[in-house]
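Chemist: If you scroll down you'll find the structure; I have some questions about it.
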Amino acid sequence: MLSMASSSNDSTALISEFLLICFPNYQSWQHWLSLPLSLLFLLAMGANTTLLLIIWLEASLHEPMYYLLSLLSLLDIVLCLTVIPKVLAIFWFDLRPISFSACFLQMFIMNSFLTMESCTFMVMAYDRYVAICHPLRYPSIITGQFVVRAAVFVIARNALFSLPVPILSARLRYCAGNIIKNCICTNLSVSKLSCDDIIFNRLYQFVAGWTLLGSDLILIVLSYSFILKVVLRIKAEGAVAKALSTCGSHFILILFFSTVLLVLVITNLARERIPPDVPILLNILHHLIPPALNPIVYGVRTKEIKQGIQKLLRRL
């Protein structure tokens, strides 16, 4: 018994890295997926960088609403850089190994930044609520100081609640091999390799994740319910369309974010009925599609940003 335990501990200690196996049942997908994923990654990075540059250079965009949009773009950039380069390295160069520390760092960033984006959408919904329901008080409520406090709240709340997820996973003993059947270090994929009890680990992620996302969603729905109630009372011609247009871009972004997340959740729940590689692909796309579309939607629908793009092109 003692010798078996000793050998088990020795084998566990030898494991210093994981191996990421993308699409274990359909590895041929990697070849034809690498090109569209690369293009989406370049689009996401380029569009968000351009948006940040325009907001920084254009004085007319130095307003709280655009500062919040800048925060969203920064979150998108960090999330993309955390996930997609490693996925592409696996596709192109077969670089499957990932160290323990890098794996758990990726896990932390994915969990925390996902909820940070949700929280940013909630703050942006509050911004639109004040702008439409209390327009005279907007300048005194939504100030630069408000944006700073909101940014600190977004980062602190979600980082603190997400930190236990990688810590709990890192404390597990891994004696069931080191092959992760995924392209990224999700908690569910990593923790199943452990020989310890992982019920609390998964329960915490489920409760914390859905508490944060659920509370944000409830507040977003409430904000838009109040906005709709006020808008429907407006009698002036064209005022309704103008009021709704100020919320249109934000609503479309929330729709993108929520739809992809909902599809991902449904496919994970129905994992036994669909190929296991489908949720893996959707998880990757969830880190690419919203970041690629967010700045484009605002760029197309916002006159001030379009003017900023035109001025930037003239300077070039």
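Residue names in the structure tokens use chain letters A, B, ... in the order shown, residue numbers from 1 in each chain, and ligand numbers from 1 in the order shown.
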Under the rule of at most 7 Å, produce a per-residue listing of region 58-133 of chain A near region 164-180 of chain A: chain, number, name, the closest pair of atoms, and the distance in Å, as a tab-separated table, using only C-alpha atoms.
Modeler:
```
residue	atom	partner	partner_atom	distance
A:Phe104	CA	A:Pro166	CA	5.3
A:Met107	CA	A:Pro166	CA	6.2
A:Phe108	CA	A:Pro166	CA	5.8
```
Chemist: Using the chain letters and numbers from this document, which residues of region 84-291 of chain A does DSSP assign to alpha helix (DSSP H), as a PyMOL selection string?
Modeler: chain A and resi 84-93+100-133+138-141+144-162+164-170+187-191+199-233+239-269+277-286+289-291
Chemist: Neighbouring residues of Gln27 (chain A) were defined as those with any atom within 10 Å, considering only C-alpha atoms; residues of the same chain fewer than 6 positions away were excluded. Please report them as an MDAnalysis selection string.
Modeler: chainID A and resid 21 91 277
Chemist: Can you list, as a PDB file with all heavy atoms, in the first residue's frame, every protein, DNA or RNA residue that comes within 10 Å of Leu88 (chain A) when you count only C-alpha atoms, leaving out same-chain residues fewer than 5 positions away?
Modeler:
```pdb
ATOM      1  N   GLN A  30      -8.553  21.056 -37.710  1.00  0.00           N
ATOM      2  CA  GLN A  30      -7.571  22.089 -37.407  1.00  0.00           C
ATOM      3  C   GLN A  30      -7.057  22.781 -38.671  1.00  0.00           C
ATOM      4  O   GLN A  30      -6.819  23.997 -38.664  1.00  0.00           O
ATOM      5  CB  GLN A  30      -6.390  21.483 -36.640  1.00  0.00           C
ATOM      6  CG  GLN A  30      -6.788  20.947 -35.281  1.00  0.00           C
ATOM      7  CD  GLN A  30      -5.615  20.359 -34.512  1.00  0.00           C
ATOM      8  OE1 GLN A  30      -5.776  19.786 -33.462  1.00  0.00           O
ATOM      9  NE2 GLN A  30      -4.417  20.502 -35.059  1.00  0.00           N
ATOM     10  N   LEU A  33      -9.778  25.111 -40.207  1.00  0.00           N
ATOM     11  CA  LEU A  33     -10.246  26.129 -39.248  1.00  0.00           C
ATOM     12  C   LEU A  33      -9.206  27.208 -38.998  1.00  0.00           C
ATOM     13  O   LEU A  33      -9.555  28.324 -38.602  1.00  0.00           O
ATOM     14  CB  LEU A  33     -10.595  25.461 -37.917  1.00  0.00           C
ATOM     15  CG  LEU A  33     -12.008  24.888 -37.748  1.00  0.00           C
ATOM     16  CD1 LEU A  33     -12.124  24.194 -36.412  1.00  0.00           C
ATOM     17  CD2 LEU A  33     -13.055  25.975 -37.882  1.00  0.00           C
ATOM     18  N   SER A  34      -7.935  26.893 -39.217  1.00  0.00           N
ATOM     19  CA  SER A  34      -6.873  27.833 -38.859  1.00  0.00           C
ATOM     20  C   SER A  34      -6.976  29.146 -39.625  1.00  0.00           C
ATOM     21  O   SER A  34      -6.745  30.220 -39.048  1.00  0.00           O
ATOM     22  CB  SER A  34      -5.496  27.200 -39.098  1.00  0.00           C
ATOM     23  OG  SER A  34      -5.337  26.850 -40.458  1.00  0.00           O
ATOM     24  N   LEU A  35      -7.349  29.097 -40.906  1.00  0.00           N
ATOM     25  CA  LEU A  35      -7.432  30.330 -41.705  1.00  0.00           C
ATOM     26  C   LEU A  35      -8.557  31.253 -41.237  1.00  0.00           C
ATOM     27  O   LEU A  35      -8.301  32.428 -40.936  1.00  0.00           O
ATOM     28  CB  LEU A  35      -7.572  29.997 -43.184  1.00  0.00           C
ATOM     29  CG  LEU A  35      -7.666  31.212 -44.126  1.00  0.00           C
ATOM     30  CD1 LEU A  35      -6.427  32.078 -43.988  1.00  0.00           C
ATOM     31  CD2 LEU A  35      -7.857  30.762 -45.570  1.00  0.00           C
ATOM     32  N   LEU A  37     -10.110  31.343 -38.380  1.00  0.00           N
ATOM     33  CA  LEU A  37      -9.839  31.790 -37.012  1.00  0.00           C
ATOM     34  C   LEU A  37      -8.745  32.858 -36.995  1.00  0.00           C
ATOM     35  O   LEU A  37      -8.824  33.823 -36.226  1.00  0.00           O
ATOM     36  CB  LEU A  37      -9.422  30.603 -36.135  1.00  0.00           C
ATOM     37  CG  LEU A  37     -10.517  29.594 -35.780  1.00  0.00           C
ATOM     38  CD1 LEU A  37      -9.962  28.500 -34.884  1.00  0.00           C
ATOM     39  CD2 LEU A  37     -11.709  30.264 -35.110  1.00  0.00           C
ATOM     40  N   SER A  38      -7.743  32.698 -37.857  1.00  0.00           N
ATOM     41  CA  SER A  38      -6.677  33.702 -37.947  1.00  0.00           C
ATOM     42  C   SER A  38      -7.231  35.037 -38.434  1.00  0.00           C
ATOM     43  O   SER A  38      -6.890  36.102 -37.895  1.00  0.00           O
ATOM     44  CB  SER A  38      -5.578  33.231 -38.900  1.00  0.00           C
ATOM     45  OG  SER A  38      -5.019  32.022 -38.461  1.00  0.00           O
ATOM     46  N   PHE A  41      -9.256  36.622 -35.691  1.00  0.00           N
ATOM     47  CA  PHE A  41      -8.355  37.144 -34.666  1.00  0.00           C
ATOM     48  C   PHE A  41      -7.755  38.480 -35.097  1.00  0.00           C
ATOM     49  O   PHE A  41      -7.731  39.441 -34.318  1.00  0.00           O
ATOM     50  CB  PHE A  41      -7.248  36.124 -34.392  1.00  0.00           C
ATOM     51  CG  PHE A  41      -6.189  36.606 -33.446  1.00  0.00           C
ATOM     52  CD1 PHE A  41      -6.479  36.871 -32.118  1.00  0.00           C
ATOM     53  CD2 PHE A  41      -4.887  36.806 -33.890  1.00  0.00           C
ATOM     54  CE1 PHE A  41      -5.498  37.323 -31.244  1.00  0.00           C
ATOM     55  CE2 PHE A  41      -3.905  37.257 -33.028  1.00  0.00           C
ATOM     56  CZ  PHE A  41      -4.213  37.512 -31.702  1.00  0.00           C
ATOM     57  N   VAL A  83      -6.274  33.530 -25.312  1.00  0.00           N
ATOM     58  CA  VAL A  83      -6.792  32.257 -25.810  1.00  0.00           C
ATOM     59  C   VAL A  83      -6.314  31.929 -27.228  1.00  0.00           C
ATOM     60  O   VAL A  83      -5.771  30.840 -27.478  1.00  0.00           O
ATOM     61  CB  VAL A  83      -8.344  32.273 -25.775  1.00  0.00           C
ATOM     62  CG1 VAL A  83      -8.915  31.023 -26.436  1.00  0.00           C
ATOM     63  CG2 VAL A  83      -8.834  32.397 -24.347  1.00  0.00           C
ATOM     64  N   PHE A  93       1.676  24.754 -35.532  1.00  0.00           N
ATOM     65  CA  PHE A  93       2.984  24.190 -35.189  1.00  0.00           C
ATOM     66  C   PHE A  93       2.896  22.986 -34.256  1.00  0.00           C
ATOM     67  O   PHE A  93       3.929  22.485 -33.810  1.00  0.00           O
ATOM     68  CB  PHE A  93       3.864  25.274 -34.539  1.00  0.00           C
ATOM     69  CG  PHE A  93       3.929  26.548 -35.323  1.00  0.00           C
ATOM     70  CD1 PHE A  93       3.353  27.710 -34.835  1.00  0.00           C
ATOM     71  CD2 PHE A  93       4.552  26.583 -36.568  1.00  0.00           C
ATOM     72  CE1 PHE A  93       3.412  28.897 -35.560  1.00  0.00           C
ATOM     73  CE2 PHE A  93       4.610  27.763 -37.298  1.00  0.00           C
ATOM     74  CZ  PHE A  93       4.043  28.922 -36.796  1.00  0.00           C
ATOM     75  N   ASP A  94       1.676  22.544 -33.961  1.00  0.00           N
ATOM     76  CA  ASP A  94       1.471  21.381 -33.088  1.00  0.00           C
ATOM     77  C   ASP A  94       2.098  21.593 -31.701  1.00  0.00           C
ATOM     78  O   ASP A  94       2.608  20.646 -31.090  1.00  0.00           O
ATOM     79  CB  ASP A  94       2.034  20.117 -33.743  1.00  0.00           C
ATOM     80  CG  ASP A  94       1.385  18.848 -33.184  1.00  0.00           C
ATOM     81  OD1 ASP A  94       0.189  18.900 -32.840  1.00  0.00           O
ATOM     82  OD2 ASP A  94       2.085  17.825 -33.074  1.00  0.00           O
ATOM     83  N   LEU A  95       2.063  22.834 -31.199  1.00  0.00           N
ATOM     84  CA  LEU A  95       2.623  23.155 -29.887  1.00  0.00           C
ATOM     85  C   LEU A  95       1.565  22.909 -28.815  1.00  0.00           C
ATOM     86  O   LEU A  95       0.944  23.820 -28.290  1.00  0.00           O
ATOM     87  CB  LEU A  95       3.106  24.610 -29.849  1.00  0.00           C
ATOM     88  CG  LEU A  95       4.238  24.962 -30.829  1.00  0.00           C
ATOM     89  CD1 LEU A  95       4.574  26.443 -30.753  1.00  0.00           C
ATOM     90  CD2 LEU A  95       5.479  24.121 -30.536  1.00  0.00           C
ATOM     91  N   CYS A 183      -8.961  22.795 -26.522  1.00  0.00           N
ATOM     92  CA  CYS A 183      -7.942  23.706 -27.042  1.00  0.00           C
ATOM     93  C   CYS A 183      -7.499  24.714 -25.999  1.00  0.00           C
ATOM     94  O   CYS A 183      -6.490  25.398 -26.188  1.00  0.00           O
ATOM     95  CB  CYS A 183      -8.484  24.468 -28.257  1.00  0.00           C
ATOM     96  SG  CYS A 183      -8.910  23.421 -29.662  1.00  0.00           S
TER      97      CYS A 183
END
```
Chemist: Counting only C-alpha atoms, what is within 12 Å of Ala156 (chain A), bar same-chain residues fewer than 4 positions away, as a PyMOL selection string?
Modeler: chain A and resi 112-113+115-116+119+149-152+160-163
Chemist: Can you write just those residues out, C-alpha atoms, as a short mmCIF file (atom, residue, chain, number, x, y, z; two decimals), in the first residue's frame?
Modeler:
```
data_model
loop_
_atom_site.label_atom_id
_atom_site.label_comp_id
_atom_site.auth_asym_id
_atom_site.auth_seq_id
_atom_site.Cartn_x
_atom_site.Cartn_y
_atom_site.Cartn_z
CA SER A 112 -12.75 36.67 -14.80
CA PHE A 113 -12.75 38.57 -18.10
CA THR A 115 -17.79 38.18 -16.21
CA MET A 116 -15.98 41.53 -16.51
CA CYS A 119 -20.47 43.62 -15.84
CA ARG A 149 -15.24 53.81 -9.98
CA ALA A 150 -17.19 51.60 -12.38
CA ALA A 151 -13.95 50.27 -13.94
CA VAL A 152 -12.50 49.49 -10.48
CA LEU A 160 -12.04 38.33 -6.63
CA PHE A 161 -14.95 35.99 -7.36
CA SER A 162 -13.08 34.21 -10.19
CA LEU A 163 -9.75 33.77 -8.39
#
```
